[in-house]
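*Asks:* I have a structure here, written as structure tokens, and I will follow up with some questions on it.
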Amino acid sequence: MSRNAKINTLLLVIVAALAVLPLALGLGDDEKEPFAGADAQAETAITEIKPDYEPWFSPLYEPPSGEVESALFALQAALGAGVLAYYFGLRKGRRQGAEQAREQEATAEQTADAEGGRPGTEQV
């Protein structure tokens, strides 16, 4: 196993441990929802500090359930990942195309030099 493969494997194990250990050890803050989002925690803190607080505005769309909300969030994340993957793939493809064009140009120049001149030029 090469040095890079060992480092990549170690980093993968560390990331997996960081994701799994808090869940396995129950390291969340709250007993009911140990890993509640920041929005839920802020709402709880605001209602504790000022119970009669009225929000300034309401959401444009309120999903019918938490599952639908999670699905919409996952869809948003997937679309964002797709856009990023497309962008990076496009850049890589353009770079590879430019490299191939340079290689073909260099090959054509070498062939022309070997035949005694450049294409399109007349010898005197």
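Every chain in the structure tokens takes a letter, A first, then B, and so on in the order presented; its residues are numbered from 1, and the ligands are numbered from 1 following the presented order.
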Set the distance at 12 Å and use only C-alpha atoms: which residues neighbour A:Tyr53 once local chain neighbours fewer than 6 positions away are removed? I'd like the list as a list in words.

*Replies:*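 Selected residues are Glu43, Thr44, Ala45, Ile46 and Thr47 of chain A.
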